[in-house]
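Raw contents of upload32.tsv, TSV, C-alpha atoms:
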chain	number	residue	atom	x	y	z
S	1	MET	CA	-77.66	-37.21	14.85
S	2	ASN	CA	-78.11	-38.92	11.48
S	3	SER	CA	-75.79	-41.61	10.18
S	4	TYR	CA	-74.20	-39.28	7.56
S	5	LYS	CA	-73.05	-36.81	10.21
S	6	LYS	CA	-71.83	-39.64	12.43
S	7	SER	CA	-69.80	-41.02	9.54
S	8	LYS	CA	-68.17	-37.62	8.89
S	9	ILE	CA	-67.20	-37.31	12.56
S	10	VAL	CA	-65.71	-40.81	12.60
S	11	ILE	CA	-63.72	-40.07	9.43
S	12	ARG	CA	-62.37	-36.81	10.91
S	13	VAL	CA	-61.32	-38.59	14.11
S	14	LEU	CA	-59.60	-41.35	12.14
S	15	MET	CA	-57.81	-38.80	9.95
S	16	ALA	CA	-56.62	-36.91	13.03
S	17	LEU	CA	-55.39	-40.11	14.62
S	18	CYS	CA	-53.57	-41.10	11.43
S	19	ALA	CA	-51.92	-37.69	11.16
S	20	SER	CA	-50.88	-37.88	14.81
S	21	THR	CA	-49.46	-41.35	14.32
S	22	VAL	CA	-47.44	-40.23	11.30
S	23	LEU	CA	-46.04	-37.27	13.19
S	24	MET	CA	-45.16	-39.41	16.18
S	25	GLY	CA	-43.53	-41.95	13.89
S	26	LYS	CA	-41.36	-39.25	12.34
S	27	ALA	CA	-40.44	-37.89	15.75
S	28	ASN	CA	-39.50	-41.32	17.02
S	29	ALA	CA	-37.74	-42.39	13.81
S	30	GLU	CA	-34.80	-40.05	14.18
S	31	ARG	CA	-33.08	-39.02	17.40
S	32	SER	CA	-31.14	-35.77	17.33
S	33	LEU	CA	-27.98	-35.49	19.44
S	34	HIS	CA	-25.75	-32.49	20.03
S	35	MET	CA	-21.99	-33.14	20.05
S	36	GLU	CA	-19.34	-30.57	21.04
S	37	VAL	CA	-15.72	-31.14	19.97
S	38	GLY	CA	-12.45	-29.30	19.43
S	39	SER	CA	-11.05	-27.63	16.34
S	40	PRO	CA	-10.90	-29.34	12.92
S	41	GLY	CA	-7.75	-31.43	12.73
S	42	ALA	CA	-7.64	-32.08	16.47
S	43	SER	CA	-7.66	-35.68	17.68
S	44	THR	CA	-11.12	-35.46	19.22
S	45	TYR	CA	-12.52	-33.82	16.09
S	46	VAL	CA	-11.23	-36.61	13.84
S	47	PHE	CA	-12.61	-39.20	16.26
S	48	ALA	CA	-15.97	-37.39	16.49
S	49	VAL	CA	-16.43	-37.07	12.72
S	50	THR	CA	-15.74	-40.79	12.31
S	51	LEU	CA	-18.19	-41.63	15.10
S	52	GLN	CA	-20.80	-39.30	13.59
S	53	SER	CA	-20.57	-41.10	10.25
S	54	ILE	CA	-20.83	-44.57	11.82
S	55	LEU	CA	-23.83	-43.72	13.99
S	56	GLN	CA	-25.75	-41.88	11.29
S	57	ASN	CA	-25.20	-44.73	8.83
S	58	ASN	CA	-26.34	-47.42	11.25
S	59	PHE	CA	-29.04	-45.79	13.38
S	60	ASP	CA	-31.86	-43.29	13.02
S	61	ILE	CA	-29.69	-40.66	14.68
S	62	LYS	CA	-28.87	-37.15	13.56
S	63	ILE	CA	-25.76	-35.73	15.22
S	64	ASN	CA	-25.44	-31.96	15.17
S	65	MET	CA	-21.78	-31.22	15.73
S	66	THR	CA	-20.31	-27.96	17.01
S	67	SER	CA	-16.54	-27.64	16.65
S	68	ASN	CA	-13.95	-25.27	18.14
S	69	ILE	CA	-15.34	-25.95	21.61
S	70	PRO	CA	-12.65	-26.18	24.32
S	71	ALA	CA	-13.02	-29.35	26.40
S	72	THR	CA	-13.63	-27.22	29.50
S	73	ARG	CA	-16.71	-25.64	27.98
S	74	GLY	CA	-17.87	-28.90	26.40
S	75	THR	CA	-17.72	-30.72	29.73
S	76	LEU	CA	-19.58	-27.89	31.42
S	77	ASP	CA	-22.24	-27.84	28.69
S	78	GLY	CA	-22.61	-31.60	28.98
S	79	ALA	CA	-22.90	-31.46	32.76
S	80	LYS	CA	-25.71	-28.92	32.37
S	81	GLY	CA	-27.51	-31.09	29.82
S	82	ASN	CA	-26.75	-28.76	26.89
S	83	ALA	CA	-24.61	-31.31	25.03
S	84	ASP	CA	-25.20	-35.05	24.63
S	85	LEU	CA	-21.67	-36.03	23.60
S	86	PHE	CA	-18.54	-34.00	24.32
S	87	THR	CA	-14.79	-34.11	24.85
S	88	ILE	CA	-13.68	-35.08	28.34
S	89	THR	CA	-10.18	-35.10	29.81
S	90	PRO	CA	-9.03	-36.52	33.14
S	91	SER	CA	-7.62	-33.13	34.16
S	92	ILE	CA	-10.87	-31.23	33.51
S	93	ASN	CA	-12.85	-33.88	35.36
S	94	TYR	CA	-10.44	-33.55	38.28
S	95	HIS	CA	-10.50	-29.74	38.38
S	96	MET	CA	-14.28	-29.59	38.08
S	97	ARG	CA	-14.84	-32.10	40.88
S	98	ASN	CA	-12.45	-30.20	43.17
S	99	GLN	CA	-13.60	-26.68	42.16
S	100	GLU	CA	-10.14	-25.52	41.21
S	101	ALA	CA	-8.21	-24.01	38.29
S	102	MET	CA	-10.70	-22.83	35.64
S	103	PHE	CA	-13.62	-23.86	37.91
S	104	SER	CA	-12.34	-22.13	41.06
S	105	LYS	CA	-15.06	-19.45	40.97
S	106	MET	CA	-17.91	-21.84	40.17
S	107	ASP	CA	-19.58	-22.86	43.41
S	108	ASP	CA	-21.73	-25.44	41.63
S	109	ALA	CA	-18.84	-27.10	39.77
S	110	PRO	CA	-18.54	-30.11	42.13
S	111	GLU	CA	-22.28	-30.75	41.95
S	112	LEU	CA	-22.33	-30.39	38.15
S	113	SER	CA	-19.40	-32.81	37.85
S	114	LYS	CA	-21.69	-35.53	39.22
S	115	ASN	CA	-23.63	-35.41	35.93
S	116	VAL	CA	-20.63	-36.34	33.73
S	117	ARG	CA	-20.28	-39.93	32.56
S	118	GLY	CA	-17.55	-41.58	30.52
S	119	ILE	CA	-17.86	-43.59	27.32
S	120	ILE	CA	-14.30	-44.09	26.08
S	121	ASN	CA	-10.77	-42.74	26.60
S	122	PHE	CA	-7.79	-42.71	24.24
S	123	PRO	CA	-4.44	-40.87	24.05
S	124	LEU	CA	-4.76	-37.35	22.66
S	125	GLY	CA	-1.03	-36.99	22.02
S	126	PRO	CA	1.79	-34.74	23.25
S	127	TYR	CA	1.86	-30.99	23.84
S	128	GLN	CA	3.85	-29.86	20.81
S	129	VAL	CA	5.76	-26.61	21.26
S	130	ILE	CA	6.33	-25.18	17.79
S	131	ALA	CA	8.46	-22.24	16.63
S	132	HIS	CA	9.21	-20.83	13.18
S	133	ALA	CA	12.60	-22.24	12.19
S	134	ASP	CA	13.73	-18.79	11.00
S	135	SER	CA	12.62	-17.00	14.19
S	136	GLY	CA	15.87	-17.62	16.02
S	137	ILE	CA	13.93	-19.41	18.78
S	138	THR	CA	15.70	-22.66	19.62
S	139	SER	CA	14.64	-22.87	23.28
S	140	LEU	CA	11.80	-21.52	25.40
S	141	GLU	CA	14.17	-19.08	27.12
S	142	GLN	CA	14.20	-17.11	23.86
S	143	ILE	CA	10.48	-16.23	23.84
S	144	LYS	CA	10.85	-13.35	26.30
S	145	GLY	CA	8.89	-10.37	24.97
S	146	ARG	CA	7.40	-12.44	22.14
S	147	ARG	CA	3.75	-13.10	21.34
S	148	VAL	CA	2.79	-16.69	22.16
S	149	PHE	CA	-0.33	-18.81	21.68
S	150	ILE	CA	-0.77	-21.39	24.45
S	151	GLY	CA	-4.48	-22.19	23.98
S	152	PRO	CA	-7.91	-20.56	24.24
S	153	PRO	CA	-8.61	-18.40	27.32
S	154	GLY	CA	-9.99	-20.48	30.18
S	155	GLY	CA	-9.11	-23.80	28.56
S	156	ALA	CA	-7.31	-26.60	30.39
S	157	ALA	CA	-4.63	-26.72	27.69
S	158	THR	CA	-3.85	-23.05	28.26
S	159	GLY	CA	-2.96	-23.69	31.88
S	160	VAL	CA	-0.73	-26.58	30.85
S	161	GLY	CA	1.01	-24.46	28.21
S	162	ALA	CA	1.64	-21.70	30.74
S	163	ASN	CA	3.04	-24.21	33.25
S	164	ILE	CA	5.32	-25.77	30.64
S	165	ILE	CA	6.81	-22.36	29.87
S	166	GLU	CA	7.08	-21.45	33.55
S	167	GLY	CA	8.64	-24.80	34.44
S	168	VAL	CA	11.31	-24.44	31.77
S	169	THR	CA	12.00	-20.69	32.04
S	170	GLY	CA	10.25	-19.20	35.06
S	171	TYR	CA	8.43	-16.84	32.68
S	172	LYS	CA	4.88	-15.66	33.43
S	173	ALA	CA	2.19	-14.95	30.82
S	174	ASN	CA	1.69	-11.25	30.06
S	175	VAL	CA	4.69	-10.41	32.25
S	176	ASP	CA	7.58	-12.00	30.36
S	177	TYR	CA	5.75	-12.83	27.14
S	178	GLN	CA	2.49	-11.75	25.51
S	179	GLN	CA	-0.30	-14.32	25.55
S	180	ALA	CA	-2.40	-14.32	22.36
S	181	ARG	CA	-6.03	-14.73	23.42
S	182	LEU	CA	-7.48	-16.70	20.50
S	183	ASP	CA	-9.37	-19.91	19.82
S	184	TRP	CA	-7.54	-22.93	18.38
S	185	THR	CA	-8.31	-22.19	14.73
S	186	SER	CA	-7.42	-18.51	15.02
S	187	GLY	CA	-4.27	-19.39	16.98
S	188	ALA	CA	-3.06	-21.73	14.24
S	189	GLN	CA	-3.80	-19.13	11.59
S	190	ALA	CA	-1.99	-16.45	13.58
S	191	PHE	CA	1.08	-18.68	13.75
S	192	GLN	CA	0.97	-19.31	10.00
S	193	ASP	CA	0.67	-15.55	9.41
S	194	ASP	CA	3.69	-14.83	11.68
S	195	GLN	CA	1.46	-12.97	14.14
S	196	VAL	CA	2.59	-15.25	16.97
S	197	ASP	CA	6.11	-16.59	17.46
S	198	LEU	CA	5.28	-19.78	19.37
S	199	PHE	CA	2.35	-22.18	19.16
S	200	ILE	CA	1.62	-24.90	21.75
S	201	LEU	CA	-0.80	-27.59	20.61
S	202	PRO	CA	-1.80	-30.86	22.29
S	203	ASN	CA	-2.45	-33.23	19.41
S	204	GLN	CA	-1.55	-36.54	17.85
S	205	VAL	CA	1.74	-37.11	16.03
S	206	PRO	CA	1.73	-36.40	13.21
S	207	SER	CA	-0.89	-33.67	13.61
S	208	GLY	CA	-2.72	-32.78	10.42
S	209	LEU	CA	-2.74	-29.14	11.45
S	210	ILE	CA	1.01	-29.04	12.04
S	211	GLN	CA	1.59	-30.94	8.81
S	212	GLN	CA	-0.21	-28.15	6.95
S	213	ILE	CA	2.03	-25.56	8.59
S	214	ALA	CA	5.16	-27.61	7.84
S	215	GLN	CA	4.25	-27.74	4.15
S	216	LEU	CA	4.51	-23.95	4.03
S	217	GLU	CA	7.59	-23.31	6.15
S	218	ASP	CA	10.32	-24.91	8.22
S	219	ILE	CA	9.36	-25.50	11.86
S	220	ARG	CA	11.19	-26.41	15.03
S	221	LEU	CA	9.71	-28.40	17.93
S	222	LEU	CA	11.08	-27.30	21.30
S	223	SER	CA	11.96	-29.91	23.91
S	224	ILE	CA	11.23	-29.87	27.64
S	225	PRO	CA	14.60	-30.37	29.39
S	226	ASP	CA	14.80	-33.18	31.95
S	227	LYS	CA	15.50	-30.70	34.75
S	228	ALA	CA	12.21	-28.88	34.01
S	229	PHE	CA	10.30	-32.00	35.06
S	230	GLU	CA	11.62	-31.31	38.56
S	231	SER	CA	10.18	-27.78	38.62
S	232	ALA	CA	7.07	-27.00	40.67
S	233	ALA	CA	5.12	-25.89	37.57
S	234	VAL	CA	5.73	-29.09	35.59
S	235	LYS	CA	5.29	-31.29	38.67
S	236	LYS	CA	1.87	-29.65	39.06
S	237	ILE	CA	0.95	-30.82	35.56
S	238	MET	CA	2.25	-34.34	36.07
S	239	ALA	CA	0.42	-34.67	39.42
S	240	THR	CA	-2.89	-34.06	37.66
S	241	PRO	CA	-4.69	-37.13	36.22
S	242	GLY	CA	-4.23	-37.80	32.53
S	243	TYR	CA	-0.65	-36.61	31.90
S	244	THR	CA	2.38	-38.68	30.92
S	245	ARG	CA	5.85	-38.13	29.44
S	246	MET	CA	6.13	-38.67	25.68
S	247	ASP	CA	8.77	-38.42	22.97
S	248	ILE	CA	8.29	-36.92	19.50
S	249	PRO	CA	10.61	-38.39	16.84
S	250	ALA	CA	12.94	-36.15	14.87
S	251	HIS	CA	11.45	-35.30	11.48
S	252	ALA	CA	7.97	-36.43	12.51
S	253	TYR	CA	6.83	-33.74	10.06
S	254	GLY	CA	9.32	-34.52	7.31
S	255	ASP	CA	12.24	-32.51	6.08
S	256	ASN	CA	10.58	-29.21	7.03
S	257	GLN	CA	10.99	-30.10	10.71
S	258	VAL	CA	14.55	-29.04	11.46
S	259	ASN	CA	14.96	-31.08	14.66
S	260	THR	CA	17.67	-33.70	14.49
S	261	GLU	CA	16.97	-35.24	17.90
S	262	THR	CA	13.93	-36.59	19.76
S	263	THR	CA	11.76	-33.89	21.34
S	264	LYS	CA	10.73	-34.50	24.96
S	265	ALA	CA	7.13	-33.56	25.68
S	266	ILE	CA	4.13	-33.99	27.97
S	267	GLY	CA	1.39	-36.27	26.67
S	268	VAL	CA	-2.28	-36.16	27.60
S	269	TRP	CA	-5.31	-38.45	27.47
S	270	ASN	CA	-8.86	-37.52	26.54
S	271	GLY	CA	-12.12	-39.18	25.59
S	272	ILE	CA	-15.79	-38.86	24.80
S	273	GLY	CA	-18.25	-38.30	27.62
S	274	THR	CA	-21.97	-37.83	28.04
S	275	ASN	CA	-24.58	-36.72	30.55
S	276	LYS	CA	-25.79	-39.28	33.07
S	277	ASN	CA	-29.39	-38.80	31.88
S	278	LEU	CA	-28.84	-39.88	28.27
S	279	ASP	CA	-30.75	-43.06	27.44
S	280	ALA	CA	-28.82	-46.16	28.52
S	281	ASP	CA	-29.72	-48.24	25.43
S	282	LEU	CA	-28.58	-45.41	23.20
S	283	VAL	CA	-25.21	-45.11	24.96
S	284	TYR	CA	-24.83	-48.90	24.85
S	285	ASN	CA	-25.30	-48.80	21.07
S	286	ILE	CA	-22.87	-45.89	20.72
S	287	THR	CA	-20.22	-47.75	22.71
S	288	LYS	CA	-20.82	-51.00	20.85
S	289	SER	CA	-20.66	-49.20	17.50
S	290	ILE	CA	-17.21	-47.82	18.32
S	291	PHE	CA	-15.70	-51.24	18.92
S	292	GLU	CA	-17.57	-52.99	16.11
S	293	ASN	CA	-16.13	-50.39	13.71
S	294	LEU	CA	-12.57	-50.01	14.97
S	295	ASP	CA	-11.29	-50.60	11.44
S	296	LYS	CA	-13.03	-47.41	10.31
S	297	PHE	CA	-11.40	-45.41	13.12
S	298	HIS	CA	-7.99	-46.90	12.37
S	299	ARG	CA	-8.33	-46.09	8.66
S	300	ALA	CA	-9.39	-42.50	9.38
S	301	ALA	CA	-6.07	-41.51	10.98
S	302	LYS	CA	-2.88	-43.25	12.02
S	303	PHE	CA	-3.11	-42.00	15.63
S	304	MET	CA	-6.44	-43.79	16.05
S	305	ASP	CA	-4.61	-47.09	16.19
S	306	THR	CA	-4.56	-46.22	19.91
S	307	VAL	CA	-8.38	-46.40	20.04
S	308	THR	CA	-8.67	-49.92	21.43
S	309	LEU	CA	-10.66	-51.87	23.98
S	310	GLU	CA	-7.47	-52.18	26.03
S	311	ASN	CA	-7.10	-48.38	26.21
S	312	ALA	CA	-10.77	-47.57	26.65
S	313	LEU	CA	-10.70	-47.18	30.44
S	314	GLN	CA	-7.11	-45.97	30.83
S	315	GLN	CA	-6.91	-42.72	32.83
S	316	MET	CA	-10.73	-42.65	33.12
S	317	ASN	CA	-11.65	-40.73	36.28
S	318	VAL	CA	-15.41	-40.24	35.96
S	319	PRO	CA	-18.00	-42.99	36.37
S	320	LEU	CA	-18.98	-44.81	33.20
S	321	HIS	CA	-22.44	-44.24	31.77
S	322	PRO	CA	-24.64	-47.28	32.57
S	323	GLY	CA	-24.96	-48.00	28.84
S	324	ALA	CA	-21.17	-48.04	28.38
S	325	LEU	CA	-20.74	-50.07	31.58
S	326	ARG	CA	-23.13	-52.71	30.23
S	327	TYR	CA	-21.09	-53.05	27.03
S	328	TYR	CA	-17.71	-53.29	28.79
S	329	ARG	CA	-19.08	-55.91	31.18
S	330	GLU	CA	-20.33	-57.94	28.20
S	331	ARG	CA	-16.80	-57.79	26.79
S	332	GLY	CA	-15.42	-59.11	30.06
S	333	LEU	CA	-13.50	-56.03	31.19
S	334	ASP	CA	-12.63	-55.74	34.87
S	335	ILE	CA	-14.34	-52.49	35.90
S	336	PRO	CA	-12.75	-50.60	38.82
S	337	GLU	CA	-15.17	-49.63	41.58
S	338	SER	CA	-14.43	-45.95	40.94
S	339	LEU	CA	-15.95	-46.25	37.46
S	340	ILE	CA	-19.25	-47.79	38.59
S	341	PRO	CA	-21.89	-45.02	38.35
S	342	PRO	CA	-23.63	-44.29	41.67
S	343	GLU	CA	-26.98	-45.13	40.07
S	344	MET	CA	-25.67	-48.63	39.30
S	345	ALA	CA	-23.63	-49.29	42.43
S	346	ASP	CA	-26.22	-51.62	43.91
S	347	LYS	CA	-27.04	-53.46	40.70
S	348	LYS	CA	-25.50	-56.73	39.66
S	349	ALA	CA	-23.32	-57.07	36.58
S	350	GLY	CA	-25.09	-57.49	33.29

What do you get writing this file as structure tokens?
Amino acid sequence: MNSYKKSKIVIRVLMALCASTVLMGKANAERSLHMEVGSPGASTYVFAVTLQSILQNNFDIKINMTSNIPATRGTLDGAKGNADLFTITPSINYHMRNQEAMFSKMDDAPELSKNVRGIINFPLGPYQVIAHADSGITSLEQIKGRRVFIGPPGGAATGVGANIIEGVTGYKANVDYQQARLDWTSGAQAFQDDQVDLFILPNQVPSGLIQQIAQLEDIRLLSIPDKAFESAAVKKIMATPGYTRMDIPAHAYGDNQVNTETTKAIGVWNGIGTNKNLDADLVYNITKSIFENLDKFHRAAKFMDTVTLENALQQMNVPLHPGALRYYRERGLDIPESLIPPEMADKKAG
């Protein structure tokens, strides 16, 4: 082979190597993550959009976000490796691990639950039971025969909404009242269009979504009577991890909220979770970015004042991801044994 041909071969090889290097560089430059969150206006959605902005501005990360995903489905998708970041709640984690409630027919639910890891928890807010002020509904006993939205079919919030109604009234869905089978966005729109008479929404106070409704009409928030907390249905809620009693101030939504007294409600915690197989350094940076940018979260919405290092592990009932664990240990948090991931149980701190 003459030197000219050899030179051409060498040049082609070098060009191929350069092209390959460029392609690999592009592939490695930007990491794409899939995040599943609730409906626009929901606490987790506001948190997720803020996190998305922070991460994409500070790292070579592209976050593809899918909204209107109930936390039940998001947790299941994450456990299967189909979502990198997703909404978690203590109740869903509990039900999945014990193969009950919405997971009762899923034989692999307990095994899948072993793939879920926590990053951060924060209060979601109370379950707000909302009626049109001109509907004549001043208590849950008055919804008999009415059309009611209590959450998307199969969602954890739907079961809570049904138990709240049953605990207060004894009413059963689709026996004493008609359950509207819609997603969160469609449910809110149906309420605004007077297609449903009652809307139950777990969200921060004030909720942006409810504020929008209250700008168009007068609303009434219905209270859970003290005696209802002694009912079997409400006790079932309160015995599940992640639920607390909360109060909603009168006129939390301005003059268009006709309540003159504090509304008694059930509050719930939630958070952001991930799959155990996501890269530990990446999750460490995600966790660190949250706490290095708390001011951005706090400016995004008033309720996110509750996103703090002190709250981060409250009500957490899945193991932390190793990357998150590393960050919390660096910050000096006392990590309960139950939150140490099995894959890290035998490793020393740090």

Counting all atoms listed in the file, what is within 12 Å of Gly332 of chain S, bar same-chain residues fewer than 2 positions away, as a PDB file with C-alpha atoms, in the coordinates of the input?
ATOM      1  CA  LEU S 309     -10.660 -51.870  23.980  1.00  0.00           C
ATOM      2  CA  GLU S 310      -7.470 -52.180  26.030  1.00  0.00           C
ATOM      3  CA  LEU S 325     -20.740 -50.070  31.580  1.00  0.00           C
ATOM      4  CA  ARG S 326     -23.130 -52.710  30.230  1.00  0.00           C
ATOM      5  CA  TYR S 327     -21.090 -53.050  27.030  1.00  0.00           C
ATOM      6  CA  TYR S 328     -17.710 -53.290  28.790  1.00  0.00           C
ATOM      7  CA  ARG S 329     -19.080 -55.910  31.180  1.00  0.00           C
ATOM      8  CA  GLU S 330     -20.330 -57.940  28.200  1.00  0.00           C
ATOM      9  CA  ASP S 334     -12.630 -55.740  34.870  1.00  0.00           C
ATOM     10  CA  ILE S 335     -14.340 -52.490  35.900  1.00  0.00           C
ATOM     11  CA  ALA S 349     -23.320 -57.070  36.580  1.00  0.00           C
ATOM     12  CA  GLY S 350     -25.090 -57.490  33.290  1.00  0.00           C
TER      13      GLY S 350
END

Using 12 Å as the limit and counting all atoms listed in the file, can you tabulate each residue of segment 117-183 of chain S that touches segment 79-85 of chain S, with its shortest atom-to-atom distance in Å and the two atoms involved, as JSON lines?
{"residue": "S:Arg117", "atom": "CA", "partner": "S:Ala79", "partner_atom": "CA", "distance": 8.9}
{"residue": "S:Gly118", "atom": "CA", "partner": "S:Leu85", "partner_atom": "CA", "distance": 9.8}
{"residue": "S:Ile119", "atom": "CA", "partner": "S:Leu85", "partner_atom": "CA", "distance": 9.2}
{"residue": "S:Ile120", "atom": "CA", "partner": "S:Leu85", "partner_atom": "CA", "distance": 11.2}

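With distances taken over all atoms listed in the file, S:His321 is the one residue among S:Lys236, S:His321, S:His95, S:Arg147 lying closest to Asp279 of chain S.
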
Distance of atom CA of Ala180 of chain S from atom CA of Asn256 of chain S, expressed in Å to one decimal place | 25.0 Å

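The gap separating atom CA of Pro336 of chain S from atom CA of Pro319 of chain S is 9.6 Å, in Å to one decimal.
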
So which residues touch segment 67-74 of chain S within 10 Å, counting only C-alpha atoms, skipping near sequence neighbours fewer than 4 positions away, as number ranges by chain?
-> S: 35-40, 42, 44-45, 48, 78-80, 82-89, 91-93, 95-96, 102-103, 151-157, 183-186, 270-271, 273-274

I'd like the contact shell of Leu222 of chain S - 9 Å cut-off, only C-alpha atoms, skipping same-chain residues fewer than 5 positions apart - returned as a short mmCIF file (atom, residue, chain, number, x, y, z; two decimals) with C-alpha atoms, in the frame of the given file.
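Saved the output as out.cif:
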data_model
loop_
_atom_site.label_atom_id
_atom_site.label_comp_id
_atom_site.auth_asym_id
_atom_site.auth_seq_id
_atom_site.Cartn_x
_atom_site.Cartn_y
_atom_site.Cartn_z
CA GLN S 128 3.85 -29.86 20.81
CA VAL S 129 5.76 -26.61 21.26
CA ILE S 130 6.33 -25.18 17.79
CA ALA S 131 8.46 -22.24 16.63
CA ILE S 137 13.93 -19.41 18.78
CA THR S 138 15.70 -22.66 19.62
CA SER S 139 14.64 -22.87 23.28
CA LEU S 140 11.80 -21.52 25.40
CA ASN S 259 14.96 -31.08 14.66
CA THR S 263 11.76 -33.89 21.34
CA LYS S 264 10.73 -34.50 24.96
CA ALA S 265 7.13 -33.56 25.68
#

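Close to (8.4, -36.8, 34.7), meaning no more than 9 Å away when counting all atoms listed in the file, sit the residues S:Asp226, S:Ala228, S:Phe229, S:Glu230, S:Val234, S:Lys235, S:Met238, S:Thr244, S:Arg245, S:Ile266.
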
Name all residues at most 12 Å from Asp108 of chain S (count all atoms listed in the file; drop same-chain ones fewer than 4 positions away) and give them as a list in words.
-> Leu76, Ala79, Lys80, Met96, Arg97, Asn98, Gln99, Glu100, Phe103, Ser104, Leu112, Ser113, Lys114 and Asn115 of chain S

Need the neighbours of (6.4, -15.5, 11.8): which residues are at most 10 Å away, counting all atoms listed in the file, as a PyMOL selection string?
-> chain S and resi 131-135+190-198+217

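Using all atoms listed in the file, the nearest neighbour of Glu292 of chain S within the list S:Pro341, S:Gly125, S:Arg331, S:Leu278 is S:Arg331.
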
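The spacing separating atom CA of Leu294 of chain S from atom CA of His34 of chain S amounts to 22.5 Å.
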
Show which residues sit within 9 Å of Phe122 of chain S, as a ChimeraX atom specification. Count all atoms listed in the file, and ignore same-chain residues fewer than 2 positions away.
-> /S:120,124,269-272,304,306-308,311-315

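Among the candidates S:Met246, S:Ala301, S:Val116, S:Ala252, the residue lying nearest to Val49 of chain S is S:Ala301 (atoms considered: all atoms listed in the file).
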